[in-house]
Structures are given as C-alpha cells and as structure tokens.
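What follows is the content of entry.tsv, which has TSV, C-alpha atoms:
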chain	number	residue	atom	x	y	z
A	1	MET	CA	-26.18	-98.43	94.40
A	2	THR	CA	-27.18	-100.70	97.28
A	3	PRO	CA	-30.58	-101.28	98.94
A	4	SER	CA	-29.58	-98.85	101.65
A	5	GLY	CA	-29.12	-96.01	99.18
A	6	ARG	CA	-26.17	-94.29	97.58
A	7	ARG	CA	-22.90	-94.02	99.44
A	8	SER	CA	-20.58	-91.09	99.84
A	9	ALA	CA	-16.83	-91.22	99.28
A	10	SER	CA	-15.38	-94.18	101.16
A	11	ARG	CA	-12.05	-94.67	102.80
A	12	GLY	CA	-11.04	-97.27	100.26
A	13	ARG	CA	-11.53	-95.14	97.15
A	14	TRP	CA	-8.43	-94.20	95.16
A	15	GLU	CA	-8.04	-90.73	93.68
A	16	LEU	CA	-6.00	-89.63	90.67
A	17	ALA	CA	-4.84	-86.29	92.10
A	18	PRO	CA	-4.43	-85.03	95.69
A	19	GLY	CA	-6.47	-81.86	95.22
A	20	ASP	CA	-7.47	-79.12	92.83
A	21	ALA	CA	-4.72	-77.74	90.61
A	22	GLU	CA	-4.75	-74.25	92.11
A	23	SER	CA	-4.21	-75.37	95.71
A	24	VAL	CA	-1.54	-77.91	94.69
A	25	LEU	CA	0.32	-75.21	92.76
A	26	ALA	CA	0.15	-72.84	95.74
A	27	GLU	CA	1.60	-75.48	98.07
A	28	ALA	CA	4.26	-76.35	95.48
A	29	ARG	CA	5.40	-72.72	95.43
A	30	LYS	CA	5.63	-72.75	99.22
A	31	ALA	CA	7.57	-76.02	99.10
A	32	PHE	CA	10.05	-74.57	96.61
A	33	PHE	CA	10.81	-71.53	98.74
A	34	VAL	CA	10.99	-73.60	101.92
A	35	MET	CA	13.57	-75.95	100.45
A	36	ALA	CA	15.51	-73.07	98.88
A	37	GLY	CA	15.64	-71.48	102.33
A	38	VAL	CA	16.79	-74.72	103.95
A	39	LEU	CA	19.62	-75.09	101.45
A	40	ALA	CA	20.64	-71.48	101.97
A	41	VAL	CA	20.91	-72.07	105.72
A	42	LEU	CA	22.95	-75.25	105.17
A	43	TRP	CA	25.43	-73.52	102.89
A	44	ILE	CA	25.80	-70.49	105.15
A	45	LEU	CA	26.56	-72.84	108.04
A	46	GLN	CA	29.00	-74.75	105.83
A	47	ILE	CA	30.95	-71.57	105.08
A	48	ALA	CA	31.14	-70.74	108.79
A	49	ASN	CA	32.02	-74.35	109.59
A	50	TRP	CA	34.80	-74.44	106.99
A	51	ALA	CA	36.21	-71.16	108.25
A	52	ASP	CA	36.31	-72.63	111.77
A	53	HIS	CA	37.99	-75.84	110.55
A	54	TYR	CA	34.77	-77.80	111.12
A	55	GLN	CA	34.77	-77.27	114.86
A	56	ILE	CA	31.03	-76.56	114.70
A	57	THR	CA	30.43	-80.09	113.40
A	58	LEU	CA	32.66	-81.58	116.06
A	59	ASN	CA	30.88	-79.63	118.81
A	60	TYR	CA	27.30	-80.09	117.61
A	61	GLY	CA	27.44	-83.44	115.85
A	62	ILE	CA	26.10	-86.68	117.33
A	63	ARG	CA	28.46	-88.52	119.68
A	64	PRO	CA	27.00	-92.02	120.11
A	65	ARG	CA	25.66	-92.84	123.57
A	66	ASP	CA	26.97	-89.57	125.00
A	67	ILE	CA	24.05	-88.12	126.97
A	68	SER	CA	25.37	-84.58	126.64
A	69	SER	CA	25.20	-84.81	122.83
A	70	LEU	CA	21.64	-86.16	122.70
A	71	PRO	CA	20.16	-82.72	121.84
A	72	ASN	CA	22.52	-82.64	118.88
A	73	VAL	CA	20.18	-84.91	116.94
A	74	PHE	CA	18.45	-81.64	115.98
A	75	THR	CA	21.64	-79.80	114.94
A	76	ALA	CA	23.62	-82.57	113.22
A	77	PRO	CA	21.49	-82.61	110.03
A	78	PHE	CA	22.50	-78.99	109.34
A	79	LEU	CA	26.25	-79.71	109.56
A	80	HIS	CA	28.71	-81.44	107.26
A	81	PHE	CA	32.34	-82.54	107.23
A	82	SER	CA	33.46	-81.24	103.82
A	83	TRP	CA	32.40	-79.47	100.65
A	84	ALA	CA	31.95	-82.82	98.92
A	85	HIS	CA	29.73	-83.96	101.77
A	86	ILE	CA	27.30	-81.05	101.50
A	87	GLU	CA	27.39	-81.10	97.70
A	88	GLY	CA	26.39	-84.77	97.68
A	89	ASN	CA	23.45	-84.11	100.02
A	90	SER	CA	22.15	-80.85	98.58
A	91	GLY	CA	20.61	-82.16	95.35
A	92	PRO	CA	18.70	-85.13	96.82
A	93	LEU	CA	17.66	-83.03	99.82
A	94	PHE	CA	16.10	-80.38	97.60
A	95	ILE	CA	14.36	-82.88	95.29
A	96	PHE	CA	12.99	-85.18	97.97
A	97	GLY	CA	12.20	-82.31	100.32
A	98	PHE	CA	10.22	-80.51	97.64
A	99	LEU	CA	8.26	-83.65	96.74
A	100	ALA	CA	7.57	-84.32	100.42
A	101	ALA	CA	6.39	-80.73	100.98
A	102	TYR	CA	4.31	-79.97	97.89
A	103	ARG	CA	1.23	-81.58	99.45
A	104	GLY	CA	1.34	-79.27	102.46
A	105	VAL	CA	4.12	-77.48	104.30
A	106	ARG	CA	2.53	-77.98	107.73
A	107	LYS	CA	2.49	-81.74	107.32
A	108	PHE	CA	6.01	-81.56	105.89
A	109	ILE	CA	7.27	-79.93	109.09
A	110	LEU	CA	5.83	-82.79	111.16
A	111	VAL	CA	7.36	-85.34	108.81
A	112	THR	CA	10.72	-83.60	109.11
A	113	ILE	CA	10.63	-83.62	112.91
A	114	LEU	CA	9.87	-87.35	112.93
A	115	VAL	CA	12.63	-88.33	110.48
A	116	VAL	CA	15.17	-86.11	112.27
A	117	LEU	CA	14.33	-87.93	115.50
A	118	THR	CA	14.39	-91.46	114.07
A	119	SER	CA	17.57	-90.84	112.09
A	120	GLY	CA	19.40	-89.05	114.90
A	121	LEU	CA	18.38	-91.45	117.65
A	122	THR	CA	19.35	-94.46	115.55
A	123	ALA	CA	22.77	-92.90	114.96
A	124	TRP	CA	23.11	-92.04	118.66
A	125	LEU	CA	22.27	-95.60	119.67
A	126	ALA	CA	23.97	-97.67	116.99
A	127	GLU	CA	26.96	-95.83	115.53
A	128	PRO	CA	30.45	-96.75	116.80
A	129	ALA	CA	31.78	-95.09	119.94
A	130	ASN	CA	34.30	-92.27	119.74
A	131	THR	CA	32.90	-90.99	116.45
A	132	VAL	CA	30.92	-87.92	115.44
A	133	GLY	CA	27.92	-88.14	113.14
A	134	ALA	CA	26.54	-85.26	111.09
A	135	GLY	CA	24.96	-84.53	107.74
A	136	ALA	CA	21.54	-84.30	106.12
A	137	SER	CA	21.65	-87.75	104.53
A	138	GLY	CA	19.50	-89.33	107.24
A	139	VAL	CA	16.81	-86.73	106.56
A	140	VAL	CA	17.20	-87.32	102.81
A	141	PHE	CA	16.44	-91.01	103.34
A	142	GLY	CA	13.51	-90.05	105.53
A	143	TYR	CA	11.97	-87.97	102.76
A	144	PHE	CA	12.77	-90.74	100.30
A	145	GLY	CA	10.90	-93.32	102.37
A	146	TYR	CA	7.97	-90.96	102.90
A	147	ILE	CA	7.62	-90.25	99.18
A	148	MET	CA	7.70	-93.94	98.29
A	149	VAL	CA	4.83	-94.93	100.61
A	150	ARG	CA	2.71	-91.77	100.84
A	151	GLY	CA	0.68	-92.55	97.73
A	152	PHE	CA	-0.32	-95.99	99.04
A	153	PHE	CA	-1.37	-94.70	102.46
A	154	ASP	CA	-3.24	-91.68	101.04
A	155	ARG	CA	-4.59	-93.64	98.02
A	156	HIS	CA	-3.43	-91.05	95.48
A	157	MET	CA	-2.35	-92.47	92.15
A	158	ILE	CA	-0.10	-89.53	91.23
A	159	ASP	CA	1.85	-89.88	94.48
A	160	VAL	CA	2.22	-93.62	93.87
A	161	ALA	CA	3.67	-92.81	90.43
A	162	ILE	CA	6.02	-90.18	91.91
A	163	GLY	CA	7.22	-92.65	94.54
A	164	ALA	CA	7.85	-95.36	91.93
A	165	ILE	CA	9.76	-92.97	89.66
A	166	MET	CA	11.92	-91.70	92.52
A	167	ALA	CA	12.64	-95.25	93.67
A	168	LEU	CA	13.80	-96.21	90.17
A	169	CYS	CA	15.82	-93.04	89.55
A	170	PHE	CA	17.57	-93.12	92.92
A	171	ALA	CA	17.82	-96.88	93.45
A	172	TYR	CA	21.58	-96.49	93.87
A	173	GLN	CA	20.87	-94.71	97.16
A	174	PHE	CA	20.01	-98.05	98.73
A	175	THR	CA	23.65	-99.12	98.47
A	176	VAL	CA	24.58	-96.76	101.32
A	177	LEU	CA	22.13	-98.56	103.60
A	178	LEU	CA	24.63	-101.41	103.80
A	179	PRO	CA	27.30	-101.37	106.54
A	180	LYS	CA	30.39	-99.56	105.31
A	181	ALA	CA	33.22	-97.85	107.14
A	182	GLY	CA	33.11	-94.08	107.11
A	183	ILE	CA	29.39	-93.88	106.25
A	184	GLY	CA	26.66	-93.33	108.82
A	185	TRP	CA	24.47	-96.09	107.41
A	186	GLN	CA	22.69	-96.43	110.77
A	187	ALA	CA	21.32	-92.90	110.40
A	188	HIS	CA	20.24	-93.71	106.84
A	189	ILE	CA	18.26	-96.75	107.97
A	190	GLY	CA	16.72	-94.80	110.85
A	191	GLY	CA	15.70	-92.00	108.51
A	192	LEU	CA	14.21	-94.38	105.96
A	193	ALA	CA	12.19	-96.15	108.66
A	194	GLY	CA	11.03	-92.79	110.01
A	195	GLY	CA	9.84	-91.73	106.56
A	196	VAL	CA	7.79	-94.89	106.12
A	197	LEU	CA	6.35	-94.42	109.61
A	198	ALA	CA	5.53	-90.79	108.80
A	199	GLY	CA	3.61	-91.91	105.72
A	200	TRP	CA	1.34	-93.99	107.93
A	201	ILE	CA	1.04	-91.60	110.88
A	202	PHE	CA	0.30	-88.53	108.75
A	203	ARG	CA	-1.87	-90.26	106.15
A	204	GLU	CA	-5.13	-88.63	105.13
A	205	ARG	CA	-8.10	-89.61	107.26
A	206	ARG	CA	-11.25	-89.84	105.18
A	207	PRO	CA	-14.80	-89.95	106.54
A	208	LYS	CA	-16.60	-93.25	106.74
A	209	ALA	CA	-19.16	-94.05	104.08
A	210	THR	CA	-22.70	-93.00	105.00
A	211	ALA	CA	-26.05	-93.96	103.50
A	212	LYS	CA	-27.91	-91.21	101.64
A	213	PRO	CA	-31.71	-91.06	101.20
A	214	ASP	CA	-33.09	-92.80	98.13
A	215	PRO	CA	-33.72	-90.10	95.50
A	216	VAL	CA	-37.08	-91.65	94.54
A	217	THR	CA	-38.77	-92.36	97.86
A	218	GLY	CA	-36.99	-89.71	99.94
A	219	ILE	CA	-36.17	-92.28	102.61
A	220	ALA	CA	-33.25	-94.63	103.13
A	221	GLY	CA	-33.99	-98.24	102.24
A	222	LEU	CA	-36.65	-100.00	100.20
A	223	ASN	CA	-40.37	-99.36	100.62
A	224	THR	CA	-41.86	-102.87	100.96
A	225	SER	CA	-44.72	-102.23	103.38
A	226	GLY	CA	-47.29	-101.21	100.79
A	227	THR	CA	-47.72	-97.71	102.25
A	228	GLN	CA	-47.05	-94.42	100.54
A	229	PRO	CA	-43.47	-93.15	100.86
A	230	GLY	CA	-42.93	-91.39	104.16
A	231	MET	CA	-46.16	-92.85	105.73
A	232	ILE	CA	-46.60	-95.50	108.43
A	233	ARG	CA	-49.41	-98.04	108.38
A	234	LYS	CA	-51.58	-97.77	111.51
A	235	PRO	CA	-52.12	-101.17	113.16
A	236	ALA	CA	-55.70	-102.50	113.25
A	237	ASP	CA	-57.75	-102.14	116.44
A	238	PRO	CA	-57.83	-105.61	118.10
A	239	GLY	CA	-61.43	-105.02	119.22
A	240	GLY	CA	-62.76	-103.55	116.02
A	241	PRO	CA	-64.24	-105.25	112.98
A	242	SER	CA	-61.88	-106.88	110.63
A	243	SER	CA	-61.93	-106.02	106.94

Go ahead and render the structure in this file as structure tokens.
Amino acid sequence: MTPSGRRSASRGRWELAPGDAESVLAEARKAFFVMAGVLAVLWILQIANWADHYQITLNYGIRPRDISSLPNVFTAPFLHFSWAHIEGNSGPLFIFGFLAAYRGVRKFILVTILVVLTSGLTAWLAEPANTVGAGASGVVFGYFGYIMVRGFFDRHMIDVAIGAIMALCFAYQFTVLLPKAGIGWQAHIGGLAGGVLAGWIFRERRPKATAKPDPVTGIAGLNTSGTQPGMIRKPADPGGPSS
C-alpha cells in the first residue's frame, strides 16, 4: 500500500502458474494432437522418401547459397536422410514441441515459423557449399531454446522449472552445437537463437500498474486539506471579513 492507493498487478510480478487448470489442460490436449499430427506427417513423408531413394530430400533440402533452394527452408525440416535420422529427431521434437505448445497453439505456430526461418536461413548462409541440409533438428533446438527462456520472459515459475529440467535432462544436446563434419550444427545454432528470440518477441505483455481509489476516502491519495472526503475548500473572498 502506497500513499497513492493500492496497485493492480504489475509487469514485474511473478506468477506460479500460467493460467487456470482447465484452460491449461485444454491447450495441452490441443498441443498433444498437434504434435502427434506433425509426427504422422513426418513419418508418412519418410516412407515416401525412402521409397524414392531419398530424392525428395535431395530436391527439397537446403542447398547453401543457392537462390533457387531458398524456399526450401520451409520444406527441409519435414525431410530426413535415413531411418536413424528421423528416429533420433522424433522423440525430442514431440517432447519439446508439446512443451512449447501447451501454453497456446496459436503462439506455438508463430514460434515455429520464426525458428524454421532462423534455422533454415542460418543453414543456407553458413553450411558448406555443394551439400544438402534437411531434418527437424534445427526446429528441435528452436523449441529447446524457447522452453528454456519462456518462463523468465513471461515470469511464470512453472515454466522456469520446466526449462531448467529440460536443460538438465537434455544437456547432451549442446554437444551437437559444436562444429562437426556430417552434422548441420549451423542450423542447430540458428534454431536455438531463434527460440530464444521467440521467447522475447512472443512474451506476455501485462498492463502497467495503475492507482486505485483509497477504500476509506473514496479518492486516490491522502486527504490532508482538512476538508471532508470528496469536498473542496472554497477560497476566502479577498474583500470580505476575515475570520
């Protein structure tokens, strides 16, 4: 309580949970089905890709600094080079994608677009020439980065805890951020950076604190003029008698 009255929720206040349990559960159900659908699409494409001897990946993967392949930044995350490749990406993609989406599928779509762009463009700019890049790992790192920082930007304690747990459980993932032949580490770094950026861009905007009327006087501020609450003292007439 300050002299100017009580304040409403401020931007700096931390919250334990991101919303009521019913709405969070509803969004979590949506997130589950969304990620299940994404994985289904990836595996259907993998079957078709394998049957075509991975020509789909070669045609729609990212070819660094080739202008004609620039639109492929949107198709490359859906394609893989082998069964082991898609198997290695499927688990982390589902886990991180679900955790990124359970707070709202609409925001999750925007986050996904951003990390696809940052991951794909980084690969297009920085990967070696005469190679083809594909796979969902850049998006996985994007979700990973988003989950780790979302709680701090949104000031939600549960999301901070989730980010810390995921960082500890999947700390080994950071090893593939280091330069290594045969691994698209550039896309991983671009995705991770995009996820952190998404956490800041799509953070919750809370209203500024506002002063509320004092519950006793009915007006904002202290009553120090000696008048009754809500009244204004009339100034004395300069020409009239003084009291």

Practice task
Calculate how many Å separate CA of Arg29 in chain A from CA of Ala84 in chain A, rounding to one decimal.
Solution key: 28.6 Å

Problem - Spatial neighbours of Val34 in chain A, 9 Å, all atoms listed in the file, chain gap at least 4 places, as a ChimeraX atom specification - result: /A:29-30,38-39,97-98,101,105

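Distances here use all atoms listed in the file; by that measure, the residue among A:Ile95, A:Leu45, A:Ala134, A:Leu192 closest to Leu114 in chain A is A:Leu192.
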
Practice task
Give the answer as one residue: which of A:Ile44, A:Met35, A:Met166, A:Val111 has the shortest atom-to-atom distance to Phe94 in chain A, using all atoms listed in the file?
Solution key: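 When distances to Phe94 in chain A are compared using all atoms listed in the file, the smallest one comes from A:Met35.
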
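Between CA of Phe78 in chain A and CA of Gly135 in chain A the separation is 6.3 Å.
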
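Between CA of Asn59 in chain A and CA of Thr122 in chain A the interatomic distance comes to 19.1 Å.
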
Val116 in chain A surroundings by all atoms listed in the file, 9 Å radius, close-in-sequence under 3 positions cut, as a compact mmCIF listing (two decimals) with C-alpha atoms, in the coordinates of the input:
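Dumped to result13.txt:
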# COMPACT_ATOMS: atom_id res chain seq x y z
CA VAL A 73 20.18 -84.91 116.94
CA PHE A 74 18.45 -81.64 115.98
CA PRO A 77 21.49 -82.61 110.03
CA VAL A 111 7.36 -85.34 108.81
CA THR A 112 10.72 -83.60 109.11
CA ILE A 113 10.63 -83.62 112.91
CA SER A 119 17.57 -90.84 112.09
CA GLY A 120 19.40 -89.05 114.90
CA LEU A 121 18.38 -91.45 117.65
CA GLY A 138 19.50 -89.33 107.24
CA VAL A 139 16.81 -86.73 106.56
CA GLY A 142 13.51 -90.05 105.53
CA GLY A 190 16.72 -94.80 110.85
CA GLY A 191 15.70 -92.00 108.51
CA GLY A 194 11.03 -92.79 110.01

Practice task
Using all atoms listed in the file, collect all residues at a distance of at most 10 Å from (17.9, -94.4, 104.7) as written in the file, then present them as a list of chain:residue names.
Solution key: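 Output of the proximity query reads A:Val115, A:Ser119, A:Ser137, A:Gly138, A:Val139, A:Val140, A:Phe141, A:Gly142, A:Tyr143, A:Phe144, A:Gly145, A:Gln173, A:Phe174, A:Thr175, A:Val176, A:Leu177, A:Leu178, A:Gly184, A:Trp185, A:Gln186, A:Ala187, A:His188, A:Ile189, A:Gly190, A:Gly191, A:Leu192, A:Ala193, A:Gly194, A:Gly195.
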
Exercise for the section: Would you mind listing what lies within 9 Å of Tyr60 in chain A as a ChimeraX atom specification, with all atoms listed in the file counted and same-chain residues fewer than 4 positions away left out? Expected result: /A:55-56,69,71-73,75-76,79,132,134

Written file, previous selection with C-alpha atoms, as a CSV table (one decimal), in the frame of the given file:
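In the end it all went to part07.csv:
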chain,number,residue,atom,x,y,z
A,55,GLN,CA,34.8,-77.3,114.9
A,56,ILE,CA,31.0,-76.6,114.7
A,69,SER,CA,25.2,-84.8,122.8
A,71,PRO,CA,20.2,-82.7,121.8
A,72,ASN,CA,22.5,-82.6,118.9
A,73,VAL,CA,20.2,-84.9,116.9
A,75,THR,CA,21.6,-79.8,114.9
A,76,ALA,CA,23.6,-82.6,113.2
A,79,LEU,CA,26.2,-79.7,109.6
A,132,VAL,CA,30.9,-87.9,115.4
A,134,ALA,CA,26.5,-85.3,111.1

Completion exercise
One residue among A:Ala129, A:Ile47, A:Leu110, A:Ala123 is nearest to Ser82 in chain A when using only C-alpha atoms, and that residue is A:Ile47

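If all atoms listed in the file are the atoms counted, then among A:Val160, A:Ala167, A:Ile147, A:Ile183 the closest residue to His85 in chain A is A:Ile183.
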
Problem - Residues within 10 Å of Asn130 in chain A, only C-alpha atoms, excluding chain neighbours under 5 positions, as a ChimeraX atom specification - result: /A:63-66

Exercise for the section: Skip Gly151 in chain A itself and residues of its chain fewer than 5 positions away, then list as a list in words all residues within 9 Å of it, counting only C-alpha atoms. Expected result: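 Listing them by chain and then by number gives His156, Met157, Ile158, Asp159, Val160, Ala161, Ile162, Gly163 and Gly199 of chain A.
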
Show me, as lines of an AutoDock Vina configuration file, the centre and edge lengths in Å to one decimal of the axis-aligned box that covers every listed atom of range 95-105 of chain A with 5 Å on each side.
center_x = 7.8
center_y = -81.3
center_z = 99.8
size_x = 23.1
size_y = 17.7
size_z = 19.0

Just give me the residues with any atom within 9 Å of (2.9, -95.2, 102.9), file coordinates, counting only C-alpha atoms, written as a PDB file with C-alpha atoms, keeping the file's coordinate frame.
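The new file point-v8.pdb reads:
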ATOM      1  CA  GLY A 145      10.900 -93.320 102.370  1.00  0.00           C
ATOM      2  CA  TYR A 146       7.970 -90.960 102.900  1.00  0.00           C
ATOM      3  CA  ILE A 147       7.620 -90.250  99.180  1.00  0.00           C
ATOM      4  CA  MET A 148       7.700 -93.940  98.290  1.00  0.00           C
ATOM      5  CA  VAL A 149       4.830 -94.930 100.610  1.00  0.00           C
ATOM      6  CA  ARG A 150       2.710 -91.770 100.840  1.00  0.00           C
ATOM      7  CA  GLY A 151       0.680 -92.550  97.730  1.00  0.00           C
ATOM      8  CA  PHE A 152      -0.320 -95.990  99.040  1.00  0.00           C
ATOM      9  CA  PHE A 153      -1.370 -94.700 102.460  1.00  0.00           C
ATOM     10  CA  ASP A 154      -3.240 -91.680 101.040  1.00  0.00           C
ATOM     11  CA  GLY A 195       9.840 -91.730 106.560  1.00  0.00           C
ATOM     12  CA  VAL A 196       7.790 -94.890 106.120  1.00  0.00           C
ATOM     13  CA  LEU A 197       6.350 -94.420 109.610  1.00  0.00           C
ATOM     14  CA  ALA A 198       5.530 -90.790 108.800  1.00  0.00           C
ATOM     15  CA  GLY A 199       3.610 -91.910 105.720  1.00  0.00           C
ATOM     16  CA  TRP A 200       1.340 -93.990 107.930  1.00  0.00           C
ATOM     17  CA  ILE A 201       1.040 -91.600 110.880  1.00  0.00           C
ATOM     18  CA  ARG A 203      -1.870 -90.260 106.150  1.00  0.00           C
TER      19      ARG A 203
END
